[in-house]
file run-v1.tsv (TSV, N, CA and C atoms)
chain	number	residue	atom	x	y	z
A	1	MET	N	85.14	93.33	99.18
A	1	MET	CA	85.86	94.58	99.03
A	1	MET	C	87.20	94.38	98.31
A	2	ALA	N	87.88	93.29	98.62
A	2	ALA	CA	89.18	93.04	98.00
A	2	ALA	C	89.02	92.83	96.50
A	3	PHE	N	87.99	92.09	96.09
A	3	PHE	CA	87.76	91.84	94.68
A	3	PHE	C	87.47	93.15	93.95
A	4	LEU	N	86.61	93.96	94.53
A	4	LEU	CA	86.28	95.26	93.94
A	4	LEU	C	87.53	96.14	93.85
A	5	SER	N	88.35	96.10	94.88
A	5	SER	CA	89.59	96.87	94.89
A	5	SER	C	90.51	96.44	93.74
A	6	ILE	N	90.62	95.16	93.52
A	6	ILE	CA	91.49	94.65	92.45
A	6	ILE	C	90.94	95.02	91.07
A	7	ILE	N	89.63	94.92	90.89
A	7	ILE	CA	89.02	95.30	89.61
A	7	ILE	C	89.27	96.78	89.33
A	8	ILE	N	89.07	97.63	90.32
A	8	ILE	CA	89.29	99.07	90.15
A	8	ILE	C	90.76	99.35	89.83
A	9	LEU	N	91.67	98.67	90.50
A	9	LEU	CA	93.09	98.84	90.24
A	9	LEU	C	93.44	98.43	88.81
A	10	LEU	N	92.88	97.33	88.34
A	10	LEU	CA	93.16	96.87	86.98
A	10	LEU	C	92.62	97.85	85.93
A	11	VAL	N	91.44	98.41	86.18
A	11	VAL	CA	90.89	99.41	85.26
A	11	VAL	C	91.80	100.63	85.21
A	12	ALA	N	92.24	101.10	86.37
A	12	ALA	CA	93.13	102.26	86.43
A	12	ALA	C	94.44	101.98	85.69
A	13	CYS	N	95.00	100.82	85.92
A	13	CYS	CA	96.26	100.46	85.26
A	13	CYS	C	96.07	100.35	83.75
A	14	TYR	N	94.95	99.78	83.33
A	14	TYR	CA	94.69	99.67	81.90
A	14	TYR	C	94.60	101.05	81.24
A	15	VAL	N	93.85	101.95	81.84
A	15	VAL	CA	93.73	103.30	81.28
A	15	VAL	C	95.12	103.94	81.23
A	16	TYR	N	95.88	103.77	82.28
A	16	TYR	CA	97.19	104.40	82.38
A	16	TYR	C	98.14	103.89	81.30
A	17	VAL	N	98.29	102.58	81.19
A	17	VAL	CA	99.29	102.05	80.26
A	17	VAL	C	98.81	102.05	78.81
A	18	SER	N	97.50	102.05	78.58
A	18	SER	CA	97.02	102.00	77.20
A	18	SER	C	96.89	103.37	76.56
A	19	HIS	N	96.95	104.42	77.35
A	19	HIS	CA	96.74	105.76	76.79
A	19	HIS	C	97.89	106.73	77.06
A	20	ARG	N	98.90	106.28	77.76
A	20	ARG	CA	100.03	107.17	78.06
A	20	ARG	C	101.25	106.67	77.28
A	21	GLY	N	102.22	107.53	77.11
A	21	GLY	CA	103.42	107.19	76.35
A	21	GLY	C	104.33	106.21	77.07
A	22	GLY	N	105.27	105.66	76.33
A	22	GLY	CA	106.19	104.67	76.88
A	22	GLY	C	107.36	105.27	77.61
A	23	ASP	N	107.45	106.59	77.68
A	23	ASP	CA	108.61	107.24	78.30
A	23	ASP	C	108.32	107.80	79.68
A	24	MET	N	107.29	107.30	80.34
A	24	MET	CA	106.92	107.82	81.67
A	24	MET	C	107.97	107.45	82.71
A	25	VAL	N	108.10	108.31	83.69
A	25	VAL	CA	109.05	108.10	84.78
A	25	VAL	C	108.72	106.82	85.54
A	26	LEU	N	107.43	106.53	85.68
A	26	LEU	CA	107.02	105.32	86.39
A	26	LEU	C	107.65	104.07	85.79
A	27	TYR	N	107.70	104.00	84.46
A	27	TYR	CA	108.30	102.83	83.82
A	27	TYR	C	109.78	102.71	84.17
A	28	SER	N	110.49	103.82	84.14
A	28	SER	CA	111.92	103.76	84.45
A	28	SER	C	112.15	103.42	85.93
A	29	LEU	N	111.30	103.94	86.81
A	29	LEU	CA	111.43	103.61	88.24
A	29	LEU	C	111.22	102.12	88.50
A	30	LEU	N	110.28	101.52	87.75
A	30	LEU	CA	109.98	100.09	87.93
A	30	LEU	C	110.84	99.20	87.05
A	31	GLY	N	111.69	99.79	86.23
A	31	GLY	CA	112.55	99.01	85.36
A	31	GLY	C	111.77	98.33	84.23
A	32	ILE	N	110.71	98.98	83.77
A	32	ILE	CA	109.85	98.41	82.74
A	32	ILE	C	110.12	99.14	81.43
A	33	ASP	N	110.16	98.38	80.34
A	33	ASP	CA	110.30	98.97	79.02
A	33	ASP	C	108.92	99.38	78.53
A	34	GLY	N	108.62	100.68	78.63
A	34	GLY	CA	107.31	101.19	78.23
A	34	GLY	C	107.06	101.12	76.74
A	35	ASP	N	108.09	100.82	75.97
A	35	ASP	CA	107.93	100.69	74.52
A	35	ASP	C	107.99	99.23	74.09
A	36	SER	N	107.73	98.31	75.02
A	36	SER	CA	107.70	96.89	74.67
A	36	SER	C	106.49	96.61	73.80
A	37	SER	N	106.49	95.46	73.16
A	37	SER	CA	105.40	95.12	72.23
A	37	SER	C	104.05	95.05	72.95
A	38	LEU	N	104.02	94.64	74.19
A	38	LEU	CA	102.76	94.59	74.94
A	38	LEU	C	102.17	95.99	75.10
A	39	PHE	N	102.96	96.94	75.52
A	39	PHE	CA	102.47	98.30	75.72
A	39	PHE	C	102.11	98.96	74.40
A	40	ILE	N	102.88	98.68	73.37
A	40	ILE	CA	102.56	99.24	72.05
A	40	ILE	C	101.22	98.69	71.56
A	41	ALA	N	101.00	97.39	71.75
A	41	ALA	CA	99.73	96.78	71.34
A	41	ALA	C	98.56	97.37	72.13
A	42	LEU	N	98.74	97.58	73.43
A	42	LEU	CA	97.67	98.19	74.23
A	42	LEU	C	97.35	99.60	73.74
A	43	ARG	N	98.39	100.36	73.43
A	43	ARG	CA	98.17	101.73	72.97
A	43	ARG	C	97.53	101.77	71.58
A	44	GLN	N	97.86	100.80	70.72
A	44	GLN	CA	97.29	100.78	69.38
A	44	GLN	C	95.80	100.43	69.41
A	45	ASN	N	95.39	99.59	70.34
A	45	ASN	CA	94.00	99.15	70.42
A	45	ASN	C	93.15	100.02	71.33
A	46	ALA	N	93.73	101.05	71.89
A	46	ALA	CA	93.01	101.91	72.84
A	46	ALA	C	92.00	102.80	72.10
A	47	THR	N	90.88	103.02	72.75
A	47	THR	CA	89.88	103.93	72.20
A	47	THR	C	90.22	105.35	72.64
A	48	ASP	N	89.66	106.30	71.92
A	48	ASP	CA	89.88	107.70	72.29
A	48	ASP	C	89.09	108.02	73.55
A	49	LEU	N	89.76	108.60	74.50
A	49	LEU	CA	89.14	109.01	75.76
A	49	LEU	C	89.47	110.48	76.01
A	50	PRO	N	88.61	111.17	76.74
A	50	PRO	CA	88.93	112.56	77.10
A	50	PRO	C	90.20	112.61	77.95
A	51	ALA	N	90.91	113.71	77.87
A	51	ALA	CA	92.17	113.86	78.60
A	51	ALA	C	91.98	113.68	80.10
A	52	TRP	N	90.87	114.15	80.67
A	52	TRP	CA	90.68	114.02	82.12
A	52	TRP	C	90.51	112.56	82.53
A	53	VAL	N	90.00	111.73	81.63
A	53	VAL	CA	89.89	110.29	81.94
A	53	VAL	C	91.27	109.66	81.93
A	54	ILE	N	92.09	110.06	80.98
A	54	ILE	CA	93.43	109.48	80.84
A	54	ILE	C	94.37	109.95	81.95
A	55	TYR	N	94.31	111.23	82.28
A	55	TYR	CA	95.30	111.81	83.18
A	55	TYR	C	94.84	111.97	84.63
A	56	ASN	N	93.54	112.00	84.88
A	56	ASN	CA	93.07	112.27	86.25
A	56	ASN	C	92.34	111.09	86.89
A	57	ILE	N	91.50	110.43	86.14
A	57	ILE	CA	90.71	109.33	86.70
A	57	ILE	C	91.58	108.22	87.30
A	58	PRO	N	92.68	107.80	86.65
A	58	PRO	CA	93.49	106.74	87.27
A	58	PRO	C	93.95	107.07	88.69
A	59	ASP	N	94.28	108.34	88.95
A	59	ASP	CA	94.71	108.72	90.31
A	59	ASP	C	93.60	108.47	91.32
A	60	GLY	N	92.39	108.89	91.00
A	60	GLY	CA	91.26	108.66	91.89
A	60	GLY	C	90.96	107.18	92.04
A	61	LEU	N	91.07	106.44	90.95
A	61	LEU	CA	90.80	104.99	91.03
A	61	LEU	C	91.84	104.28	91.88
A	62	TRP	N	93.11	104.70	91.76
A	62	TRP	CA	94.14	104.08	92.59
A	62	TRP	C	93.88	104.34	94.08
A	63	LEU	N	93.48	105.57	94.40
A	63	LEU	CA	93.18	105.88	95.80
A	63	LEU	C	91.97	105.07	96.27
A	64	LEU	N	90.93	105.00	95.46
A	64	LEU	CA	89.75	104.21	95.84
A	64	LEU	C	90.10	102.74	96.02
A	65	SER	N	90.91	102.21	95.13
A	65	SER	CA	91.34	100.81	95.25
A	65	SER	C	92.09	100.59	96.56
A	66	TYR	N	92.99	101.50	96.88
A	66	TYR	CA	93.76	101.41	98.13
A	66	TYR	C	92.82	101.43	99.35
A	67	LEU	N	91.89	102.38	99.36
A	67	LEU	CA	90.98	102.51	100.50
A	67	LEU	C	90.12	101.25	100.67
A	68	LEU	N	89.65	100.70	99.56
A	68	LEU	CA	88.83	99.49	99.63
A	68	LEU	C	89.65	98.29	100.09
A	69	MET	N	90.91	98.22	99.68
A	69	MET	CA	91.76	97.10	100.12
A	69	MET	C	92.04	97.20	101.62
A	70	ILE	N	92.30	98.40	102.10
A	70	ILE	CA	92.51	98.58	103.54
A	70	ILE	C	91.24	98.18	104.29
A	71	GLU	N	90.09	98.54	103.75
A	71	GLU	CA	88.82	98.15	104.36
A	71	GLU	C	88.67	96.63	104.37
A	72	ALA	N	89.06	95.99	103.28
A	72	ALA	CA	88.96	94.53	103.20
A	72	ALA	C	89.89	93.86	104.20
A	73	ILE	N	91.05	94.44	104.40
A	73	ILE	CA	92.02	93.83	105.31
A	73	ILE	C	91.64	94.05	106.77
A	74	TRP	N	91.28	95.28	107.13
A	74	TRP	CA	91.07	95.59	108.54
A	74	TRP	C	89.62	95.83	108.94
A	75	GLY	N	88.71	95.95	107.99
A	75	GLY	CA	87.30	96.08	108.33
A	75	GLY	C	87.03	97.17	109.35
A	76	ASN	N	86.53	96.77	110.51
A	76	ASN	CA	86.12	97.74	111.53
A	76	ASN	C	87.21	98.09	112.55
A	77	GLU	N	88.42	97.63	112.33
A	77	GLU	CA	89.51	97.96	113.25
A	77	GLU	C	89.97	99.40	112.99
A	78	LYS	N	89.23	100.35	113.54
A	78	LYS	CA	89.45	101.77	113.22
A	78	LYS	C	90.83	102.26	113.61
A	79	GLN	N	91.34	101.87	114.75
A	79	GLN	CA	92.64	102.38	115.18
A	79	GLN	C	93.75	101.97	114.22
A	80	ARG	N	93.72	100.73	113.79
A	80	ARG	CA	94.77	100.26	112.88
A	80	ARG	C	94.56	100.84	111.48
A	81	LYS	N	93.32	100.85	111.04
A	81	LYS	CA	93.00	101.32	109.70
A	81	LYS	C	93.35	102.80	109.51
A	82	ILE	N	93.14	103.60	110.52
A	82	ILE	CA	93.36	105.04	110.39
A	82	ILE	C	94.83	105.36	110.12
A	83	TRP	N	95.74	104.54	110.60
A	83	TRP	CA	97.17	104.77	110.37
A	83	TRP	C	97.55	104.53	108.91
A	84	PHE	N	96.71	103.84	108.17
A	84	PHE	CA	96.99	103.57	106.77
A	84	PHE	C	96.18	104.45	105.82
A	85	ILE	N	95.06	104.95	106.27
A	85	ILE	CA	94.19	105.75	105.40
A	85	ILE	C	94.56	107.23	105.44
A	86	ILE	N	94.65	107.81	106.62
A	86	ILE	CA	94.90	109.25	106.75
A	86	ILE	C	96.21	109.66	106.07
A	87	PRO	N	97.34	108.99	106.34
A	87	PRO	CA	98.59	109.43	105.69
A	87	PRO	C	98.53	109.38	104.17
A	88	VAL	N	97.88	108.37	103.61
A	88	VAL	CA	97.81	108.26	102.15
A	88	VAL	C	96.97	109.38	101.57
A	89	ILE	N	95.85	109.68	102.21
A	89	ILE	CA	95.00	110.77	101.73
A	89	ILE	C	95.74	112.10	101.83
A	90	LEU	N	96.38	112.34	102.96
A	90	LEU	CA	97.13	113.58	103.12
A	90	LEU	C	98.28	113.66	102.12
A	91	PHE	N	98.96	112.55	101.91
A	91	PHE	CA	100.08	112.52	100.97
A	91	PHE	C	99.61	112.85	99.55
A	92	ALA	N	98.46	112.28	99.15
A	92	ALA	CA	97.95	112.53	97.80
A	92	ALA	C	97.69	114.02	97.59
A	93	PHE	N	96.99	114.63	98.52
A	93	PHE	CA	96.67	116.05	98.39
A	93	PHE	C	97.93	116.92	98.53
A	94	LEU	N	98.78	116.59	99.49
A	94	LEU	CA	100.01	117.36	99.69
A	94	LEU	C	100.91	117.28	98.47
A	95	LEU	N	101.01	116.12	97.86
A	95	LEU	CA	101.84	115.96	96.68
A	95	LEU	C	101.34	116.87	95.54
A	96	GLU	N	100.04	116.95	95.37
A	96	GLU	CA	99.49	117.83	94.34
A	96	GLU	C	99.81	119.30	94.64
A	97	VAL	N	99.69	119.69	95.88
A	97	VAL	CA	100.01	121.08	96.25
A	97	VAL	C	101.49	121.36	96.01
A	98	LEU	N	102.36	120.44	96.42
A	98	LEU	CA	103.80	120.63	96.21
A	98	LEU	C	104.15	120.69	94.73
A	99	GLN	N	103.43	119.94	93.91
A	99	GLN	CA	103.64	120.02	92.47
A	99	GLN	C	103.18	121.37	91.94
A	100	TYR	N	102.05	121.82	92.42
A	100	TYR	CA	101.49	123.09	91.96
A	100	TYR	C	102.42	124.27	92.24
A	101	ILE	N	103.04	124.26	93.42
A	101	ILE	CA	103.93	125.38	93.77
A	101	ILE	C	105.35	125.19	93.22
A	102	GLY	N	105.57	124.07	92.53
A	102	GLY	CA	106.86	123.84	91.89
A	102	GLY	C	107.91	123.22	92.78
A	103	PHE	N	107.54	122.77	93.97
A	103	PHE	CA	108.50	122.17	94.88
A	103	PHE	C	108.80	120.72	94.51
A	104	PHE	N	107.88	120.08	93.81
A	104	PHE	CA	108.00	118.68	93.42
A	104	PHE	C	107.64	118.58	91.94
A	105	PRO	N	108.33	117.76	91.16
A	105	PRO	CA	108.01	117.68	89.73
A	105	PRO	C	106.60	117.13	89.49
A	106	GLY	N	105.91	117.72	88.56
A	106	GLY	CA	104.56	117.30	88.21
A	106	GLY	C	103.71	118.49	87.87
A	107	THR	N	102.42	118.22	87.66
A	107	THR	CA	101.52	119.28	87.20
A	107	THR	C	100.78	119.98	88.32
A	108	GLY	N	100.56	119.33	89.44
A	108	GLY	CA	99.77	119.94	90.51
A	108	GLY	C	98.36	120.24	90.05
A	109	ASP	N	97.71	119.26	89.52
A	109	ASP	CA	96.42	119.41	88.86
A	109	ASP	C	95.25	119.42	89.84
A	110	VAL	N	94.39	120.42	89.71
A	110	VAL	CA	93.20	120.52	90.55
A	110	VAL	C	92.25	119.36	90.26
A	111	LEU	N	92.21	118.91	88.99
A	111	LEU	CA	91.36	117.77	88.66
A	111	LEU	C	91.80	116.49	89.38
A	112	ASP	N	93.10	116.33	89.60
A	112	ASP	CA	93.57	115.19	90.40
A	112	ASP	C	92.99	115.27	91.81
A	113	MET	N	92.99	116.46	92.38
A	113	MET	CA	92.45	116.63	93.73
A	113	MET	C	90.94	116.36	93.75
A	114	LEU	N	90.26	116.74	92.70
A	114	LEU	CA	88.83	116.42	92.60
A	114	LEU	C	88.61	114.92	92.49
A	115	CYS	N	89.46	114.25	91.75
A	115	CYS	CA	89.35	112.79	91.64
A	115	CYS	C	89.66	112.11	92.97
A	116	TYR	N	90.63	112.63	93.70
A	116	TYR	CA	90.90	112.09	95.04
A	116	TYR	C	89.68	112.29	95.94
A	117	SER	N	89.09	113.47	95.86
A	117	SER	CA	87.91	113.76	96.68
A	117	SER	C	86.74	112.84	96.30
A	118	ALA	N	86.56	112.62	95.01
A	118	ALA	CA	85.50	111.71	94.55
A	118	ALA	C	85.76	110.29	95.04
A	119	ALA	N	87.02	109.87	95.02
A	119	ALA	CA	87.37	108.52	95.50
A	119	ALA	C	87.03	108.38	96.98
A	120	ILE	N	87.33	109.40	97.75
A	120	ILE	CA	87.02	109.38	99.19
A	120	ILE	C	85.51	109.34	99.39
A	121	ALA	N	84.77	110.13	98.61
A	121	ALA	CA	83.31	110.15	98.72
A	121	ALA	C	82.71	108.79	98.36
A	122	VAL	N	83.21	108.18	97.30
A	122	VAL	CA	82.72	106.86	96.90
A	122	VAL	C	83.03	105.84	97.99
A	123	TYR	N	84.24	105.89	98.51
A	123	TYR	CA	84.63	104.97	99.60
A	123	TYR	C	83.70	105.13	100.80
A	124	LEU	N	83.47	106.36	101.22
A	124	LEU	CA	82.59	106.60	102.37
A	124	LEU	C	81.17	106.14	102.07
A	125	GLY	N	80.71	106.33	100.83
A	125	GLY	CA	79.40	105.84	100.44
A	125	GLY	C	79.30	104.33	100.51
A	126	ILE	N	80.33	103.66	100.06
A	126	ILE	CA	80.36	102.19	100.13
A	126	ILE	C	80.34	101.72	101.58
A	127	ILE	N	81.08	102.39	102.44
A	127	ILE	CA	81.10	102.03	103.86
A	127	ILE	C	79.72	102.22	104.47
A	128	LYS	N	79.06	103.32	104.14
A	128	LYS	CA	77.70	103.57	104.66
A	128	LYS	C	76.74	102.50	104.17
A	129	LEU	N	76.82	102.13	102.90
A	129	LEU	CA	75.96	101.06	102.37
A	129	LEU	C	76.24	99.73	103.05
A	130	LYS	N	77.50	99.47	103.28
A	130	LYS	CA	77.89	98.23	103.97
A	130	LYS	C	77.30	98.20	105.38
A	131	GLN	N	77.41	99.30	106.10
A	131	GLN	CA	76.84	99.38	107.45
A	131	GLN	C	75.33	99.24	107.41
A	132	TYR	N	74.69	99.88	106.44
A	132	TYR	CA	73.24	99.83	106.31
A	132	TYR	C	72.77	98.40	106.10
A	133	PHE	N	73.41	97.69	105.19
A	133	PHE	CA	72.99	96.32	104.89
A	133	PHE	C	73.31	95.35	106.03
A	134	TYR	N	74.42	95.57	106.74
A	134	TYR	CA	74.70	94.75	107.91
A	134	TYR	C	73.68	94.96	109.01
A	135	GLU	N	73.23	96.20	109.20
A	135	GLU	CA	72.19	96.48	110.19
A	135	GLU	C	70.88	95.84	109.79
A	136	LYS	N	70.57	95.81	108.52
A	136	LYS	CA	69.32	95.20	108.03
A	136	LYS	C	69.34	93.69	108.22
A	137	LEU	N	70.55	93.10	108.13
A	137	LEU	CA	70.65	91.65	108.28
A	137	LEU	C	70.60	91.21	109.74
A	138	ASP	N	70.93	92.10	110.65
A	138	ASP	CA	70.94	91.73	112.08
A	138	ASP	C	69.55	91.71	112.67

call {"tool": "encode", "arguments": {"input": "run-v1.tsv", "output": "structure tokens"}}
result
Amino acid sequence: MAFLSIIILLVACYVYVSHRGGDMVLYSLLGIDGDSSLFIALRQNATDLPAWVIYNIPDGLWLLSYLLMIEAIWGNEKQRKIWFIIPVILFAFLLEVLQYIGFFPGTGDVLDMLCYSAAIAVYLGIIKLKQYFYEKLD
């Protein structure tokens, strides 16, 4: 699960930095020069992708990566795991709503919420498959 989580995170980060501009707030918050030669090279070699892939898919992938990493760390420890999963899921959806109503800066995009929902569905599907295969092995 941890390996899959890292791969998904890297894909999300690649899409994000290779297709978005160098003036994003995230770069300034992290103290990163978004117009450095590395980012410029990534953007120059990037293929054309639909806007929803560039702007919405990374959000869902980041959430899926987070959920899989929590699963890798805590596995079946439901009490501990729930304190890390529920708040993040609620925060993701709440942040989109707050952006939509103008209380927080951002777009408040419904597609982001759909990507979050898809990430949760994929995570739950992976957990079900994991349980199914563990039961078959016992």

call {"tool": "axis_aligned_box", "arguments": {"input": "run-v1.tsv", "around": "range 4-20 of chain A", "padding_each_side": "4 Å", "output": "AutoDock Vina command-line options"}}
result
--center_x 93.8 --center_y 100.6 --center_z 85.7 --size_x 23.0 --size_y 21.2 --size_z 26.3

call {"tool": "atom_distance", "arguments": {"input": "run-v1.tsv", "atom1": "CA of Val15 in chain A", "atom2": "CA of Ala72 in chain A"}}
result
24.1 Å

call {"tool": "atom_distance", "arguments": {"input": "run-v1.tsv", "atom1": "CA of Lys128 in chain A", "atom2": "CA of Leu64 in chain A"}}
result
14.9 Å

call {"tool": "closest_residue", "arguments": {"input": "run-v1.tsv", "among": "A:Met1, A:Ser65, A:Phe103, A:Ile7", "to": "Ala119 in chain A", "atoms": "all atoms listed in the file"}}
result
A:Ser65

call {"tool": "atom_distance", "arguments": {"input": "run-v1.tsv", "atom1": "CA of Ile120 in chain A", "atom2": "atom N of Met69 in chain A"}}
result
11.8 Å

call {"tool": "closest_residue", "arguments": {"input": "run-v1.tsv", "among": "A:Tyr132, A:Phe91, A:Phe84, A:Tyr16", "to": "Tyr66 in chain A", "atoms": "only C-alpha atoms"}}
result
A:Phe84

call {"tool": "select_by_dssp", "arguments": {"input": "run-v1.tsv", "residues": "range 27-138 of chain A", "states": "alpha helix (DSSP H)", "output": "VMD selection string"}}
result
chain A and resid 27 to 30 37 to 44 51 to 55 57 to 74 78 to 100 110 to 137

call {"tool": "closest_residue", "arguments": {"input": "run-v1.tsv", "among": "A:Lys81, A:Ile101, A:Asn56, A:Leu10", "to": "Met113 in chain A", "atoms": "only N, CA and C atoms"}}
result
A:Asn56
